[in-house]
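Listing of my_file_23.cif; format and content: mmCIF, C-alpha atoms.
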```cif
data_final
#
loop_
_atom_site.label_atom_id
_atom_site.label_comp_id
_atom_site.auth_asym_id
_atom_site.auth_seq_id
_atom_site.Cartn_x
_atom_site.Cartn_y
_atom_site.Cartn_z
CA MET A 598 -70.08 46.44 -17.56
CA LYS A 599 -71.15 46.07 -21.16
CA ARG A 600 -68.76 44.68 -23.73
CA SER A 601 -68.35 47.84 -25.80
CA GLY A 602 -67.81 49.90 -22.65
CA VAL A 603 -64.82 47.77 -21.65
CA ASP A 604 -63.44 47.91 -25.17
CA LEU A 605 -63.73 51.68 -25.20
CA LEU A 606 -61.92 52.07 -21.89
CA VAL A 607 -59.16 49.64 -22.87
CA GLY A 608 -58.78 51.39 -26.22
CA LEU A 609 -58.50 54.74 -24.46
CA PHE A 610 -55.89 53.35 -22.07
CA VAL A 611 -53.75 51.91 -24.88
CA LEU A 612 -54.01 55.11 -26.94
CA LEU A 613 -53.07 57.22 -23.91
CA GLY A 614 -50.04 55.00 -23.30
CA PHE A 615 -48.84 55.33 -26.87
CA ALA A 616 -49.48 59.07 -26.82
CA ALA A 617 -47.25 59.29 -23.74
CA LEU A 618 -44.51 57.33 -25.53
CA VAL A 619 -44.69 59.60 -28.56
CA PHE A 620 -44.62 62.62 -26.28
CA LEU A 621 -41.48 61.32 -24.55
CA ALA A 622 -39.73 60.54 -27.83
CA MET A 623 -40.70 63.67 -29.78
CA ARG A 624 -41.15 66.43 -27.21
CA ALA A 625 -38.83 65.35 -24.41
CA GLY A 626 -36.35 63.43 -26.57
CA ASN A 627 -34.58 64.37 -29.76
CA MET A 628 -36.46 62.10 -32.15
CA SER A 629 -38.03 65.00 -34.03
CA SER A 630 -34.66 66.54 -34.81
CA ALA A 631 -33.13 63.16 -35.67
CA VAL A 632 -35.94 62.48 -38.10
CA GLY A 633 -36.19 66.10 -39.26
CA LEU A 634 -32.80 65.92 -40.97
CA GLY A 635 -33.41 65.09 -44.62
CA PRO A 636 -31.14 63.06 -46.90
CA THR A 637 -27.50 63.69 -46.14
CA TYR A 638 -24.07 63.53 -47.76
CA GLU A 639 -20.90 62.61 -45.90
CA ALA A 640 -17.69 64.53 -45.53
CA SER A 641 -14.80 63.72 -43.24
CA ALA A 642 -12.27 65.74 -41.30
CA GLU A 643 -9.30 65.08 -39.05
CA PHE A 644 -8.86 66.73 -35.68
CA ASP A 645 -5.84 66.79 -33.36
CA ASN A 646 -8.13 66.53 -30.37
CA ILE A 647 -11.90 66.17 -30.35
CA GLY A 648 -12.33 66.73 -26.60
CA GLY A 649 -15.73 65.40 -25.54
CA LEU A 650 -17.34 65.28 -28.97
CA LYS A 651 -19.74 62.35 -29.37
CA PRO A 652 -21.41 60.69 -32.35
CA ARG A 653 -24.71 62.39 -33.29
CA ALA A 654 -23.45 65.73 -31.97
CA ALA A 655 -24.73 68.66 -34.01
CA VAL A 656 -22.86 70.39 -36.82
CA ARG A 657 -23.84 74.04 -36.84
CA SER A 658 -23.17 76.82 -39.25
CA ALA A 659 -24.09 80.32 -38.10
CA GLY A 660 -25.81 78.56 -35.20
CA VAL A 661 -28.18 76.54 -37.38
CA VAL A 662 -27.99 72.75 -37.29
CA VAL A 663 -26.83 71.67 -40.77
CA GLY A 664 -25.79 68.11 -39.98
CA ARG A 665 -24.69 65.57 -37.41
CA VAL A 666 -21.50 63.72 -36.52
CA ALA A 667 -21.93 60.28 -38.09
CA SER A 668 -18.92 58.51 -36.60
CA ILE A 669 -15.63 59.12 -34.81
CA ARG A 670 -12.56 56.93 -35.30
CA PHE A 671 -8.93 57.07 -34.25
CA ASP A 672 -6.53 56.97 -37.17
CA ASP A 673 -3.38 55.18 -36.03
CA GLU A 674 -1.34 56.38 -39.02
CA SER A 675 -1.72 60.10 -38.50
CA TYR A 676 -2.54 59.72 -34.77
CA ARG A 677 -5.48 62.03 -35.18
CA ALA A 678 -9.22 61.61 -34.77
CA GLU A 679 -11.16 61.09 -37.96
CA VAL A 680 -14.68 62.47 -37.77
CA VAL A 681 -17.28 61.69 -40.43
CA LEU A 682 -20.01 64.32 -40.79
CA ALA A 683 -23.44 63.74 -42.27
CA LEU A 684 -24.46 67.06 -43.77
CA ASP A 685 -27.96 67.94 -44.92
CA ASN A 686 -28.36 67.74 -48.69
CA ARG A 687 -30.12 71.08 -48.76
CA TYR A 688 -26.98 72.90 -47.70
CA LYS A 689 -23.86 73.26 -49.86
CA PHE A 690 -20.58 74.53 -48.48
CA PRO A 691 -17.42 75.76 -50.22
CA LYS A 692 -14.56 73.22 -50.37
CA ASP A 693 -12.31 75.31 -48.11
CA SER A 694 -14.80 75.60 -45.23
CA SER A 695 -13.28 75.21 -41.79
CA LEU A 696 -14.42 73.27 -38.74
CA LYS A 697 -14.08 74.14 -35.07
CA ILE A 698 -15.11 72.15 -32.04
CA LEU A 699 -17.15 74.41 -29.81
CA THR A 700 -19.06 74.08 -26.56
CA SER A 701 -22.63 75.25 -26.09
CA GLY A 702 -22.68 77.20 -22.85
CA LEU A 703 -20.00 76.87 -20.22
CA LEU A 704 -20.51 73.20 -19.44
CA GLY A 705 -22.77 72.17 -22.30
CA GLU A 706 -22.50 69.61 -25.04
CA GLN A 707 -19.76 69.93 -27.62
CA TYR A 708 -20.65 70.49 -31.24
CA ILE A 709 -18.88 71.28 -34.49
CA GLY A 710 -19.03 74.82 -35.78
CA MET A 711 -18.66 75.14 -39.56
CA GLU A 712 -17.43 78.33 -41.17
CA PRO A 713 -17.87 78.61 -44.92
CA GLY A 714 -14.78 79.55 -46.91
CA GLY A 715 -14.50 81.45 -50.18
CA ASP A 716 -13.95 78.67 -52.71
CA THR A 717 -16.24 78.54 -55.70
CA GLU A 718 -16.23 74.74 -55.73
CA MET A 719 -18.63 73.09 -53.35
CA LEU A 720 -18.07 70.15 -51.01
CA ALA A 721 -19.16 66.84 -52.50
CA ALA A 722 -19.87 63.51 -50.86
CA GLY A 723 -16.70 61.84 -49.58
CA ASP A 724 -14.62 65.04 -49.53
CA LYS A 725 -12.17 65.76 -46.76
CA ILE A 726 -12.22 69.06 -44.91
CA THR A 727 -8.64 69.99 -44.06
CA LEU A 728 -9.00 73.19 -42.03
CA THR A 729 -9.84 72.07 -38.52
CA GLN A 730 -9.38 73.46 -35.06
CA SER A 731 -9.28 71.22 -31.99
CA ALA A 732 -11.47 71.36 -28.95
CA VAL A 733 -10.30 73.63 -26.17
CA VAL A 734 -8.95 71.46 -23.38
CA LEU A 735 -9.37 73.22 -20.07
CA GLU A 736 -6.18 71.77 -18.55
CA ASN A 737 -4.05 73.07 -21.47
CA LEU A 738 -5.67 76.47 -21.14
CA ILE A 739 -4.93 76.64 -17.43
CA GLY A 740 -1.37 75.44 -18.10
CA GLN A 741 -0.83 78.21 -20.63
CA PHE A 742 -2.30 80.77 -18.25
CA LEU A 743 -0.02 79.70 -15.39
CA TYR A 744 2.97 79.67 -17.72
CA GLY A 745 2.14 83.18 -18.85
CA LYS A 746 1.71 84.39 -15.27
CA ALA A 747 5.06 82.88 -14.30
CA GLY A 748 6.65 84.63 -17.27
CA GLU A 749 5.20 88.00 -16.16
CA ALA A 750 6.42 87.49 -12.60
CA ALA A 751 9.97 86.74 -13.80
CA LYS A 752 10.20 90.08 -15.64
CA MET B 370 -25.78 14.94 13.89
CA SER B 371 -25.99 13.78 10.31
CA ARG B 372 -29.49 15.22 10.04
CA ALA B 373 -28.23 18.64 11.11
CA LEU B 374 -25.52 18.39 8.47
CA LEU B 375 -28.00 17.41 5.79
CA MET B 376 -30.34 20.33 6.52
CA PRO B 377 -28.51 22.92 4.41
CA LEU B 378 -28.21 20.40 1.60
CA ARG B 379 -31.93 19.71 1.72
CA TRP B 380 -32.62 23.42 1.76
CA LEU B 381 -30.32 23.98 -1.21
CA ALA B 382 -31.95 21.15 -3.13
CA ASP B 383 -35.42 22.60 -2.45
CA PHE B 384 -34.21 25.98 -3.63
CA VAL B 385 -32.79 24.58 -6.87
CA VAL B 386 -36.01 22.66 -7.47
CA SER B 387 -38.13 25.79 -7.01
CA VAL B 388 -35.86 27.73 -9.38
CA GLY B 389 -36.36 24.98 -11.93
CA GLN B 390 -40.13 25.02 -11.42
CA GLY B 391 -40.13 28.79 -11.76
CA ALA B 392 -38.16 28.70 -15.00
CA ARG B 393 -40.44 26.03 -16.47
CA PHE B 394 -43.51 27.97 -15.37
CA PHE B 395 -42.10 31.16 -16.91
CA LEU B 396 -41.49 29.54 -20.29
CA ARG B 397 -44.93 27.99 -20.18
CA LEU B 398 -46.52 31.37 -19.41
CA CYS B 399 -44.62 33.02 -22.27
CA TRP B 400 -45.66 30.30 -24.71
CA LEU B 401 -49.28 30.23 -23.57
CA GLY B 402 -49.33 34.04 -23.37
CA VAL B 403 -48.63 34.16 -27.10
CA ALA B 404 -51.29 31.51 -27.63
CA ALA B 405 -53.73 33.61 -25.59
CA LEU B 406 -53.75 36.14 -28.45
CA ARG B 407 -56.22 33.80 -30.13
CA ARG B 408 -58.71 34.69 -27.39
CA PRO B 409 -58.36 38.48 -27.38
CA ARG B 410 -61.58 38.90 -25.36
CA LEU B 411 -59.97 37.42 -22.26
CA VAL B 412 -56.84 39.53 -22.70
CA ILE B 413 -58.83 42.74 -23.22
CA ASP B 414 -60.85 42.06 -20.07
CA GLN B 415 -57.62 41.61 -18.14
CA ILE B 416 -56.04 44.77 -19.61
CA HIS B 417 -59.13 46.59 -18.41
CA PHE B 418 -58.81 45.05 -14.96
CA ILE B 419 -55.02 45.44 -14.64
CA GLY B 420 -54.31 48.55 -16.71
CA ASN B 421 -57.32 50.85 -16.47
CA TYR B 422 -57.73 50.34 -12.73
CA SER B 423 -54.02 51.11 -12.16
CA LEU B 424 -54.28 54.28 -14.22
CA SER B 425 -55.34 56.65 -11.44
CA ILE B 426 -52.57 55.70 -9.00
CA ILE B 427 -49.92 55.78 -11.76
CA LEU B 428 -50.99 59.16 -13.12
CA VAL B 429 -51.25 60.84 -9.73
CA SER B 430 -47.93 59.38 -8.53
CA GLY B 431 -46.22 60.43 -11.76
CA LEU B 432 -47.43 63.99 -11.38
CA LEU B 433 -46.39 64.16 -7.72
CA ILE B 434 -42.95 62.67 -8.39
CA GLY B 435 -42.55 65.26 -11.15
CA PHE B 436 -43.43 68.04 -8.68
CA VAL B 437 -40.85 66.78 -6.18
CA LEU B 438 -38.14 66.31 -8.81
CA GLY B 439 -38.82 69.82 -10.09
CA LEU B 440 -38.44 71.33 -6.63
CA GLN B 441 -35.44 69.31 -5.48
CA GLY B 442 -33.71 69.62 -8.82
CA PHE B 443 -34.20 73.36 -8.80
CA TYR B 444 -32.76 73.78 -5.29
CA THR B 445 -29.66 71.76 -6.19
CA LEU B 446 -29.11 73.19 -9.68
CA ARG B 447 -29.50 76.77 -8.44
CA ARG B 448 -26.26 76.39 -6.48
CA TYR B 449 -24.42 75.91 -9.75
CA GLY B 450 -26.38 78.56 -11.56
CA SER B 451 -27.76 76.09 -14.08
CA GLU B 452 -31.50 76.08 -13.36
CA GLU B 453 -32.10 75.78 -17.11
CA ALA B 454 -30.93 72.18 -16.95
CA LEU B 455 -33.96 71.38 -14.77
CA GLY B 456 -35.94 69.92 -17.66
CA LEU B 457 -33.02 67.68 -18.57
CA LEU B 458 -32.57 66.49 -14.99
CA VAL B 459 -36.26 65.76 -14.45
CA THR B 460 -36.70 63.98 -17.77
CA LEU B 461 -33.53 61.90 -17.61
CA SER B 462 -34.26 60.73 -14.06
CA LEU B 463 -37.79 59.81 -15.09
CA VAL B 464 -37.27 58.03 -18.39
CA ARG B 465 -34.13 56.20 -17.30
CA GLU B 466 -34.91 55.17 -13.74
CA LEU B 467 -37.89 56.47 -11.85
CA GLY B 468 -40.50 55.91 -14.53
CA PRO B 469 -39.90 52.19 -15.02
CA VAL B 470 -38.90 51.40 -11.43
CA VAL B 471 -41.53 53.31 -9.47
CA THR B 472 -44.23 52.25 -11.91
CA ALA B 473 -43.18 48.63 -11.51
CA LEU B 474 -43.21 48.91 -7.71
CA LEU B 475 -46.65 50.51 -7.73
CA PHE B 476 -47.78 47.99 -10.32
CA ALA B 477 -46.62 45.12 -8.09
CA GLY B 478 -48.57 46.63 -5.20
CA ARG B 479 -51.68 47.50 -7.17
CA ALA B 480 -52.02 44.81 -9.83
CA GLY B 481 -49.58 42.10 -8.70
CA THR B 482 -51.27 41.58 -5.35
CA SER B 483 -54.73 41.40 -6.87
CA LEU B 484 -53.51 38.83 -9.40
CA THR B 485 -51.96 36.71 -6.65
CA ALA B 486 -55.02 36.96 -4.43
CA GLU B 487 -57.37 36.18 -7.30
CA VAL B 488 -55.44 33.13 -8.48
CA GLY B 489 -54.79 31.99 -4.90
CA LEU B 490 -58.49 32.23 -4.02
CA MET B 491 -59.44 30.39 -7.18
CA LYS B 492 -57.09 27.66 -6.05
CA ALA B 493 -58.41 27.73 -2.47
CA GLY B 494 -61.99 27.52 -3.79
CA GLU B 495 -60.92 24.53 -5.92
CA GLN B 496 -61.99 26.37 -9.07
CA LEU B 497 -58.70 25.53 -10.75
CA ASP B 498 -59.13 21.86 -9.88
CA ALA B 499 -62.67 21.98 -11.26
CA MET B 500 -61.34 23.37 -14.55
CA GLU B 501 -58.81 20.57 -14.77
CA MET B 502 -61.62 18.08 -14.18
CA MET B 503 -63.33 19.55 -17.25
CA ALA B 504 -60.10 19.14 -19.22
CA VAL B 505 -59.53 22.88 -19.32
CA ASP B 506 -55.94 23.87 -18.62
CA PRO B 507 -56.14 26.57 -15.92
CA VAL B 508 -52.70 27.91 -16.89
CA SER B 509 -53.74 28.68 -20.45
CA ARG B 510 -57.32 29.74 -19.59
CA VAL B 511 -56.79 31.77 -16.39
CA LEU B 512 -53.10 32.60 -16.02
CA ALA B 513 -51.89 33.22 -19.57
CA PRO B 514 -54.32 36.07 -20.44
CA ARG B 515 -53.43 37.77 -17.14
CA PHE B 516 -49.72 37.37 -17.90
CA LEU B 517 -50.02 38.82 -21.39
CA ALA B 518 -52.21 41.69 -20.17
CA ALA B 519 -49.72 42.62 -17.44
CA VAL B 520 -46.81 42.54 -19.91
CA ILE B 521 -48.76 44.84 -22.27
CA CYS B 522 -49.89 47.24 -19.54
CA MET B 523 -46.57 47.79 -17.80
CA PRO B 524 -44.68 49.75 -20.54
CA LEU B 525 -47.78 51.84 -21.28
CA LEU B 526 -48.20 52.70 -17.61
CA ALA B 527 -44.48 53.52 -17.28
CA ALA B 528 -44.66 55.82 -20.31
CA LEU B 529 -47.69 57.58 -18.83
CA PHE B 530 -45.89 57.90 -15.50
CA SER B 531 -42.83 59.50 -17.13
CA ALA B 532 -44.92 61.81 -19.30
CA LEU B 533 -46.96 63.01 -16.33
CA GLY B 534 -43.73 63.42 -14.36
CA VAL B 535 -42.26 65.65 -17.07
CA LEU B 536 -45.45 67.72 -17.00
CA GLY B 537 -45.22 67.89 -13.19
CA GLY B 538 -41.63 69.11 -13.40
CA TYR B 539 -42.72 71.67 -15.98
CA LEU B 540 -45.58 72.93 -13.79
CA VAL B 541 -43.35 73.39 -10.74
CA GLY B 542 -40.19 74.53 -12.53
CA VAL B 543 -41.63 76.84 -15.16
CA GLU B 544 -45.09 77.84 -14.00
CA MET B 545 -44.41 78.09 -10.27
CA ILE B 546 -40.71 78.93 -9.85
CA GLY B 547 -40.16 80.67 -13.17
CA VAL B 548 -37.42 78.79 -14.99
CA ASP B 549 -37.35 79.89 -18.62
CA ALA B 550 -39.73 77.66 -20.58
CA GLY B 551 -37.67 77.69 -23.78
CA ALA B 552 -34.48 76.65 -21.97
CA PHE B 553 -36.39 74.00 -20.04
CA TRP B 554 -37.56 72.25 -23.21
CA SER B 555 -34.52 72.87 -25.42
CA GLN B 556 -32.00 71.57 -22.86
CA MET B 557 -34.24 68.56 -22.44
CA GLN B 558 -34.38 67.84 -26.16
CA ASP B 559 -30.64 68.39 -26.43
CA GLY B 560 -29.73 65.93 -23.72
CA VAL B 561 -32.38 63.22 -23.92
CA ASP B 562 -31.76 60.69 -26.65
CA TRP B 563 -34.93 59.05 -27.89
CA LEU B 564 -33.23 55.70 -28.46
CA ASP B 565 -30.62 55.53 -25.69
CA ASP B 566 -32.74 57.05 -22.95
CA VAL B 567 -36.42 56.70 -23.84
CA GLY B 568 -35.92 53.39 -25.66
CA ASN B 569 -33.89 51.80 -22.88
CA GLY B 570 -36.49 52.97 -20.37
CA VAL B 571 -39.16 51.19 -22.39
CA ILE B 572 -37.04 48.01 -22.48
CA LYS B 573 -36.69 48.23 -18.71
CA SER B 574 -40.41 48.60 -18.21
CA VAL B 575 -41.11 45.59 -20.45
CA VAL B 576 -38.66 43.49 -18.43
CA PHE B 577 -40.31 44.64 -15.19
CA GLY B 578 -43.72 43.79 -16.66
CA PHE B 579 -42.56 40.23 -17.24
CA THR B 580 -41.07 40.13 -13.73
CA VAL B 581 -44.13 41.37 -11.86
CA ALA B 582 -46.57 39.26 -13.86
CA PHE B 583 -44.48 36.13 -13.46
CA VAL B 584 -43.88 36.56 -9.72
CA ALA B 585 -47.54 37.38 -9.00
CA LEU B 586 -48.91 34.43 -10.96
CA PHE B 587 -46.26 31.94 -9.83
CA VAL B 588 -46.75 32.80 -6.17
CA GLY B 589 -50.55 32.78 -6.52
CA TYR B 590 -50.59 29.50 -8.39
CA ASN B 591 -48.38 27.83 -5.79
CA ALA B 592 -50.11 29.39 -2.77
CA GLN B 593 -51.33 27.12 -0.01
CA ALA B 594 -55.03 26.62 -0.53
CA THR B 595 -56.04 28.24 2.75
CA PRO B 596 -56.96 31.82 3.74
CA GLU B 597 -53.62 32.21 5.53
CA GLY B 598 -51.82 30.77 2.53
CA VAL B 599 -53.40 33.35 0.22
CA ALA B 600 -52.58 36.16 2.66
CA ARG B 601 -48.97 35.01 2.86
CA ALA B 602 -48.75 34.66 -0.91
CA THR B 603 -49.94 38.25 -1.40
CA THR B 604 -47.22 39.53 0.90
CA THR B 605 -44.63 37.34 -0.82
CA THR B 606 -45.61 38.81 -4.18
CA VAL B 607 -44.94 42.38 -3.07
CA VAL B 608 -41.65 41.54 -1.36
CA ALA B 609 -40.29 39.23 -4.05
CA ALA B 610 -41.42 41.39 -6.96
CA SER B 611 -39.97 44.58 -5.42
CA LEU B 612 -36.62 42.96 -4.72
CA ALA B 613 -36.52 41.42 -8.19
CA ILE B 614 -37.33 44.79 -9.79
CA LEU B 615 -34.62 46.66 -7.89
CA GLY B 616 -32.02 43.96 -8.49
CA LEU B 617 -32.83 43.71 -12.18
CA ASP B 618 -32.80 47.48 -12.45
CA PHE B 619 -29.21 47.59 -11.28
CA ILE B 620 -28.16 44.93 -13.78
CA LEU B 621 -30.06 46.56 -16.64
CA THR B 622 -28.68 50.00 -15.82
CA ALA B 623 -25.13 48.63 -15.73
CA LEU B 624 -25.67 46.98 -19.11
CA MET B 625 -27.39 49.94 -20.79
CA PHE B 626 -25.66 53.06 -19.62
CA SER B 627 -22.10 51.96 -18.94
CA THR B 628 -20.57 52.53 -22.34
CA ASP B 629 -20.37 56.32 -22.39
#
```
Take the structure in the file and write it out as structure tokens.
Amino acid sequence: MKRSGVDLLVGLFVLLGFAALVFLAMRAGNMSSAVGLGPTYEASAEFDNIGGLKPRAAVRSAGVVVGRVASIRFDDESYRAEVVLALDNRYKFPKDSSLKILTSGLLGEQYIGMEPGGDTEMLAAGDKITLTQSAVVLENLIGQFLYGKAGEAAK
Amino acid sequence: MSRALLMPLRWLADFVVSVGQGARFFLRLCWLGVAALRRPRLVIDQIHFIGNYSLSIILVSGLLIGFVLGLQGFYTLRRYGSEEALGLLVTLSLVRELGPVVTALLFAGRAGTSLTAEVGLMKAGEQLDAMEMMAVDPVSRVLAPRFLAAVICMPLLAALFSALGVLGGYLVGVEMIGVDAGAFWSQMQDGVDWLDDVGNGVIKSVVFGFTVAFVALFVGYNAQATPEGVARATTTTVVAASLAILGLDFILTALMFSTD
């Protein structure tokens, strides 16, 4: 085969391979959403129990992704989990906004739901969000249910 | 009596020697493979021979594996009422395991054997000796470009395999069975991490590329210079490369995905 013919085929092969990689990262993976988040500012919050929350989980407000969980750490002074959030610079939230750990679907990934409060001052970088609600732990829920049932039966 | 006792020792010593030879050969190939970049013509010819000719088998296998994963995944997930997770299941299985591993096995069968046979026949035909007579190092002239080309081709082929597999899963799951297309893609994007899953898959395929190329060339270069020797070497390449791939896959998986 002629020189340029081989080069063309090899070039096509290499381009196809890289196209497949980009497809896997952008379309099948979450690279587009990881890159799509613009510059961020950080705020932290403490939770009693984060359940199965993982770093890079989404922070949603009204269902829209407004940030990601940057890091999770155990604070051995308060014995609570300290979660650092990276929030998109485009979005500002009142200082008294509250956080909830929610689950997408019945068995889906856990994410943080953010509900804006009524304060006129906005969250700034490094602020701490105090109003938090823990993840629902299924075992506790079942325990409460059984306890309630036993209470009804005793009446 | 003493000879029978010494046999295992002799065998062990031979084994250690061949491990040492292999390690030296591997380092030499890596070093000369980098040096082969100065002669890109040779490398491009080998990429054409190794990569382009493997393309058809990799693409068709990827698509078929995607079909099967789509079907089997659907049957199993339907029991739990979570057919929407089909895209996630297909993609994770492909980018983490099946893509790199099956591609490497096919690659060992398709390209590894031809490398071994080619090098073995060159040795049997005394071409390698002739090169040495002309003060041309056969390892840097013949083996190194093939090594580099195989290492370059393997991750590209594995990525193509996985991508075609995802498309195959999509065709069966969404187009044929009727899983919701939006859920198929969004669950996939939610659960597949581009660095932890796709990136580690690429690392795996690079490691397998090194493995297959090294085994094929080492076995070919050390083949007995007879027709039977070349035939035996070709078989050895497939067996040794496949076992090495599967063993390494276990170790790599344990290292990569154990933390969470």
**Message:** Neighbouring residues of Phe690 in chain A were defined as those with any atom within 7 Å, considering only C-alpha atoms; residues of the same chain fewer than 5 positions away were excluded. Please report them as a PyMOL selection string.
**Reply:** chain A and resi 713+719-720
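With distances taken over all atoms listed in the file, B:Ala454 is the one residue among B:Met625, B:Val488, B:Ala454, B:Val464 lying closest to Glu706 in chain A.
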**Message:** Could you list, as number ranges by chain, every residue matched by the PyMOL selection byres ((chain B) within 6 of (chain A)) in this structure?
**Reply:** B: 417, 525, 528-529, 532, 557-558, 561-563
**Message:** Env of Lys692 in chain A: 9 Å cut, atoms = all atoms listed in the file, seq-sep filter 5 positions within chain, self excluded. Answer as a PyMOL selection string.
**Reply:** chain A and resi 713-721+724-726
**Message:** What would the selection look like, as an MDAnalysis selection string, if the PyMOL selection byres ((chain A and resi 699) around 8) were run on the coordinates I just shared?
**Reply:** chainID A and resid 697:698 700:701 707:710 732:733
Output file for the residues above (C-alpha atoms, as a short mmCIF file (atom, residue, chain, number, x, y, z; two decimals), keeping the file's coordinate frame):
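Here's the written file result-v9.cif:
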```cif
data_model
loop_
_atom_site.label_atom_id
_atom_site.label_comp_id
_atom_site.auth_asym_id
_atom_site.auth_seq_id
_atom_site.Cartn_x
_atom_site.Cartn_y
_atom_site.Cartn_z
CA LYS A 697 -14.08 74.14 -35.07
CA ILE A 698 -15.11 72.15 -32.04
CA THR A 700 -19.06 74.08 -26.56
CA SER A 701 -22.63 75.25 -26.09
CA GLN A 707 -19.76 69.93 -27.62
CA TYR A 708 -20.65 70.49 -31.24
CA ILE A 709 -18.88 71.28 -34.49
CA GLY A 710 -19.03 74.82 -35.78
CA ALA A 732 -11.47 71.36 -28.95
CA VAL A 733 -10.30 73.63 -26.17
#
```
Pull out every residue that the PyMOL selection byres ((chain B and resi 509) around 8) matches in the shown coordinates and put them as an mmCIF file with C-alpha atoms, in the frame of the given file.
```
data_model
loop_
_atom_site.group_PDB
_atom_site.id
_atom_site.type_symbol
_atom_site.label_atom_id
_atom_site.label_comp_id
_atom_site.auth_asym_id
_atom_site.auth_seq_id
_atom_site.Cartn_x
_atom_site.Cartn_y
_atom_site.Cartn_z
ATOM 1 C CA LEU B 398 -46.520 31.370 -19.410
ATOM 2 C CA LEU B 401 -49.280 30.230 -23.570
ATOM 3 C CA GLY B 402 -49.330 34.040 -23.370
ATOM 4 C CA ALA B 405 -53.730 33.610 -25.590
ATOM 5 C CA ASP B 506 -55.940 23.870 -18.620
ATOM 6 C CA PRO B 507 -56.140 26.570 -15.920
ATOM 7 C CA VAL B 508 -52.700 27.910 -16.890
ATOM 8 C CA ARG B 510 -57.320 29.740 -19.590
ATOM 9 C CA VAL B 511 -56.790 31.770 -16.390
ATOM 10 C CA LEU B 512 -53.100 32.600 -16.020
ATOM 11 C CA ALA B 513 -51.890 33.220 -19.570
ATOM 12 C CA PRO B 514 -54.320 36.070 -20.440
#
```
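For the atom pair formed by CA of Gly616 in chain B and CA of Gly391 in chain B, the distance is 17.5 Å, given to one decimal.
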**Prompt:** In Å, how far is it from CA of Val385 in chain B to CA of Asn591 in chain B?
**Reply:** 16.0 Å
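The shortest atom-to-atom distance to Asp673 in chain A, with only C-alpha atoms taken into account, belongs to A:Glu643 out of A:Glu712, A:Asp685, A:Glu736, A:Glu643.
The two atoms in question, CA of Leu564 in chain B and CA of Leu615 in chain B, are spaced 22.5 Å apart.
Remark: for Thr460 in chain B, the closest of the candidate residues B:Glu495, B:Asp549, B:Asp566, B:Glu487 is B:Asp566 (distances computed over only C-alpha atoms).
For range 570-579 of chain B, the set of protein, DNA and RNA residues having any atom at most 8 Å away, when counting all atoms listed in the file and skipping those fewer than 3 positions along the same chain, is Val464, Arg465, Glu466, Gly468, Pro469, Val470, Ala473, Phe516, Ala519, Val520, Ile521, Cys522, Met523, Pro524, Ala527, Ala528, Asp566, Val567, Ala582, Phe583, Ile614, Asp618 and Leu621 of chain B.
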**Item:** Polymer residues at most 6 Å from Ser731 in chain A, all atoms listed in the file, same-chain spacing of 4 or more positions, as a ChimeraX atom specification
**Value:** /A:644-647,698
Centre and edge lengths, as AutoDock Vina command-line options, for the axis-aligned box enclosing every listed atom of range 612-623 of chain A with 3 Å of padding on each of the six sides, in Å to one decimal?
```
--center_x -46.9 --center_y 59.3 --center_z -26.5 --size_x 20.3 --size_y 14.7 --size_z 12.5
```
**Prompt:** Given the choices A:Val734, A:Leu728, A:Val662, A:Ala642, which gets closest to Tyr688 in chain A if the distance is worked out from all atoms listed in the file?
**Reply:** A:Val662
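Taking only C-alpha atoms into account, the residues near (-53.8, 51.3, -14.4), no farther than 9 Å, are A:Phe610, B:Ile416, B:His417, B:Phe418, B:Ile419, B:Gly420, B:Asn421, B:Tyr422, B:Ser423, B:Leu424, B:Ser425, B:Ile426, B:Ile427, B:Leu428, B:Phe476, B:Arg479, B:Ala480, B:Cys522, B:Met523, B:Leu526.
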Place N, CA and C atoms on range 562-569 of chain B and deliver the coordinates as an mmCIF file, in the coordinates of the input.
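rebuild01.cif written:
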```cif
data_model
loop_
_atom_site.group_PDB
_atom_site.id
_atom_site.type_symbol
_atom_site.label_atom_id
_atom_site.label_comp_id
_atom_site.auth_asym_id
_atom_site.auth_seq_id
_atom_site.Cartn_x
_atom_site.Cartn_y
_atom_site.Cartn_z
ATOM 1 N N ASP B 562 -31.774 61.385 -25.377
ATOM 2 C CA ASP B 562 -31.760 60.690 -26.650
ATOM 3 C C ASP B 562 -32.966 59.761 -26.724
ATOM 4 N N TRP B 563 -33.672 59.821 -27.839
ATOM 5 C CA TRP B 563 -34.930 59.050 -27.890
ATOM 6 C C TRP B 563 -34.676 57.553 -27.895
ATOM 7 N N LEU B 564 -33.499 57.136 -28.420
ATOM 8 C CA LEU B 564 -33.230 55.700 -28.460
ATOM 9 C C LEU B 564 -32.511 55.247 -27.186
ATOM 10 N N ASP B 565 -31.428 55.963 -26.831
ATOM 11 C CA ASP B 565 -30.620 55.530 -25.690
ATOM 12 C C ASP B 565 -31.336 55.705 -24.368
ATOM 13 N N ASP B 566 -32.098 56.784 -24.237
ATOM 14 C CA ASP B 566 -32.740 57.050 -22.950
ATOM 15 C C ASP B 566 -34.176 56.559 -22.926
ATOM 16 N N VAL B 567 -35.006 57.092 -23.839
ATOM 17 C CA VAL B 567 -36.420 56.700 -23.840
ATOM 18 C C VAL B 567 -36.551 55.217 -24.202
ATOM 19 N N GLY B 568 -35.810 54.780 -25.221
ATOM 20 C CA GLY B 568 -35.920 53.390 -25.660
ATOM 21 C C GLY B 568 -35.483 52.408 -24.591
ATOM 22 N N ASN B 569 -34.343 52.707 -23.929
ATOM 23 C CA ASN B 569 -33.890 51.800 -22.880
ATOM 24 C C ASN B 569 -34.852 51.787 -21.703
#
```
